[in-house]
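Report on the following structure.
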Amino acid sequence: MRRSSERSVRGGFAIAFASVLTAACGQGDAPEAGGSANLAPTSPVVAAAAEAGEVIARAPAAASAAFVGRTRELVNPDASALVFLYYDLTGLTPPYDAWVERDSRVTLAQAIDRQARRGAVRAELEAAAGAVRGVGALRITMHANLSDYDPSYSEFTVRALAPSSVVEFSEFQQKISIRFGNGLAAQTWRVAAEDAQLIRDKIGHFGGVSLDVLLRITDVQPAPGGGTLTADVVEYELRSASTGQLIGRVVVTR
């Protein structure tokens, strides 16, 4: 689950918005723990007809009031998008001047062209920053491993969603981390014992799965050189990493 300048998300300014969209990006592995999530074959995790407002309404109630009005989704975010989102959430002003001066289109420009390049690069940065305003939800794709089935608790553990898991994006010499506020519940996938073997057969020996995850941002913590977004997992879809076969859809209940 790596795709940025430093991990699994590629740089650039490709930002996609809509009332509802599907996702891509990811990472993570962590130890087992308790929690609760429900198998929901009809969950609209990939339903194109759902509206963003409905998605936000299903998110855990712990979200700060400051984030309630942010109903837009950011889909398949690249690293630059997450950096701009971080600044928007904190209310801080991005250091545009420093970013402009480090941009290769400025540093490599002929002296006579440099001022015009500065203006063009700054306009591009400001436009990208404006594109993330109002975003309160993320859809990302993560590659993960499913634990062995625990018959004592009738559950699998999705380690990539554990409380200790971190998804990192790095751009503009800034590192933005995403942590899961309800990871204890999100990592636990409860499954009836009679269905467990069929699931293991689908995912194969190594338990590799692809997760399409809907996240609702609940908090932001500034730090030097970046910061951390806390997000609650609303729901996710699991597919076999090798075949793409649907394994299950899970709605996190708390």
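Chain labels A, B, ... are given in the sequence in which chains occur in the structure tokens; within each chain residues are numbered consecutively from 1, and ligands are likewise numbered from 1 in the order shown.
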What are the closest atom pairs, with distances in Å to one decimal, for each residue of region 190-237 of chain A lying within 7 Å of region 154-177 of chain A, using only C-alpha atoms, rows by chain and rising residue number, as JSON lines?
{"residue": "A:Arg190", "atom": "CA", "partner": "A:Glu155", "partner_atom": "CA", "distance": 4.2}
{"residue": "A:Val191", "atom": "CA", "partner": "A:Glu155", "partner_atom": "CA", "distance": 5.4}
{"residue": "A:Ala192", "atom": "CA", "partner": "A:Ser154", "partner_atom": "CA", "distance": 6.1}
{"residue": "A:Ala193", "atom": "CA", "partner": "A:Ser154", "partner_atom": "CA", "distance": 6.1}
{"residue": "A:Gly225", "atom": "CA", "partner": "A:Gln174", "partner_atom": "CA", "distance": 4.9}
{"residue": "A:Gly226", "atom": "CA", "partner": "A:Lys175", "partner_atom": "CA", "distance": 4.7}
{"residue": "A:Gly227", "atom": "CA", "partner": "A:Ile176", "partner_atom": "CA", "distance": 5.2}
{"residue": "A:Thr228", "atom": "CA", "partner": "A:Ser177", "partner_atom": "CA", "distance": 4.6}
{"residue": "A:Leu229", "atom": "CA", "partner": "A:Ser177", "partner_atom": "CA", "distance": 6.1}
* Just list the residues in region 178-239 of chain A DSSP gives helix (DSSP H, G or I) on the backbone, as a PyMOL selection string. => chain A and resi 183-186+193-203
Please produce an output containing N, CA and C atoms for each residue in the selection, written as a tab-separated table (two decimals), in the first residue's frame.
chain	number	residue	atom	x	y	z
A	183	GLY	N	-10.05	2.03	14.71
A	183	GLY	CA	-9.36	0.85	14.18
A	183	GLY	C	-9.63	-0.42	14.95
A	184	LEU	N	-9.88	-0.30	16.26
A	184	LEU	CA	-10.15	-1.49	17.07
A	184	LEU	C	-11.39	-2.22	16.55
A	185	ALA	N	-12.42	-1.45	16.19
A	185	ALA	CA	-13.62	-2.06	15.65
A	185	ALA	C	-13.45	-2.41	14.17
A	186	ALA	N	-12.79	-1.52	13.41
A	186	ALA	CA	-12.69	-1.69	11.97
A	186	ALA	C	-11.89	-2.93	11.58
A	193	ALA	N	-18.87	-19.36	11.17
A	193	ALA	CA	-17.87	-20.42	11.00
A	193	ALA	C	-18.06	-21.17	9.69
A	194	GLU	N	-19.31	-21.38	9.27
A	194	GLU	CA	-19.55	-22.14	8.03
A	194	GLU	C	-19.11	-21.38	6.78
A	195	ASP	N	-18.91	-20.06	6.88
A	195	ASP	CA	-18.46	-19.27	5.73
A	195	ASP	C	-16.95	-19.06	5.70
A	196	ALA	N	-16.28	-19.35	6.80
A	196	ALA	CA	-14.87	-19.02	6.92
A	196	ALA	C	-14.00	-19.77	5.92
A	197	GLN	N	-14.24	-21.03	5.72
A	197	GLN	CA	-13.41	-21.81	4.81
A	197	GLN	C	-13.56	-21.33	3.37
A	198	LEU	N	-14.78	-20.97	2.98
A	198	LEU	CA	-14.99	-20.45	1.63
A	198	LEU	C	-14.20	-19.17	1.42
A	199	ILE	N	-14.17	-18.33	2.42
A	199	ILE	CA	-13.41	-17.08	2.34
A	199	ILE	C	-11.92	-17.38	2.21
A	200	ARG	N	-11.40	-18.31	3.02
A	200	ARG	CA	-9.99	-18.66	2.92
A	200	ARG	C	-9.64	-19.23	1.56
A	201	ASP	N	-10.56	-20.00	0.99
A	201	ASP	CA	-10.32	-20.57	-0.34
A	201	ASP	C	-10.21	-19.45	-1.39
A	202	LYS	N	-11.00	-18.40	-1.23
A	202	LYS	CA	-10.99	-17.30	-2.20
A	202	LYS	C	-9.70	-16.48	-2.12
A	203	ILE	N	-9.20	-16.27	-0.91
A	203	ILE	CA	-8.04	-15.39	-0.79
A	203	ILE	C	-6.72	-16.11	-0.92
* Within 8 Å of Leu214 (chain A) using only C-alpha atoms, minus same-chain residues under 4 positions, as JSON, numbers by chain -> {"A": [45, 137, 138, 139, 140, 233, 234, 235, 236]}
* To do: Identify, with DSSP run on backbone atoms, the residues in region 86-236 of chain A assigned to strand (DSSP E or B), and express the list as a PyMOL selection string.
  => chain A and resi 135-146+150+155-158+166-171+174-180+188-190+208-223+226-236
* Compare A:Val250, A:Ala241, A:Leu125, A:Leu146 by their minimum atom-to-atom distance to Tyr96 (chain A), counting only C-alpha atoms, and give me the closest one. => A:Leu125
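Distances to Thr141 (chain A) were evaluated for A:Leu215, A:Ala128, A:Val68, A:Leu108 using only C-alpha atoms, and the minimum falls at A:Leu215.
Shortest atom-to-atom contact with Glu101 (chain A) among A:Val83, A:Leu238, A:Ala120, A:Ala144: A:Ala120, counting only C-alpha atoms.
The shortest atom-to-atom distance to Gln245 (chain A), with only C-alpha atoms taken into account, belongs to A:Leu211 out of A:Leu211, A:Leu82, A:Ile178, A:Met142.
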* Distance criterion (only C-alpha atoms): nearest to Arg216 (chain A) out of A:Ala116, A:Val121, A:Leu92, A:Leu74 ->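 Selected residue with least distance to Arg216 (chain A): A:Leu74.
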* Report the distance between CA of Thr218 (chain A) and CA of Phe67 (chain A) in Å, rounded to one decimal place. =>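 Interatomic distance here is 6.4 Å.
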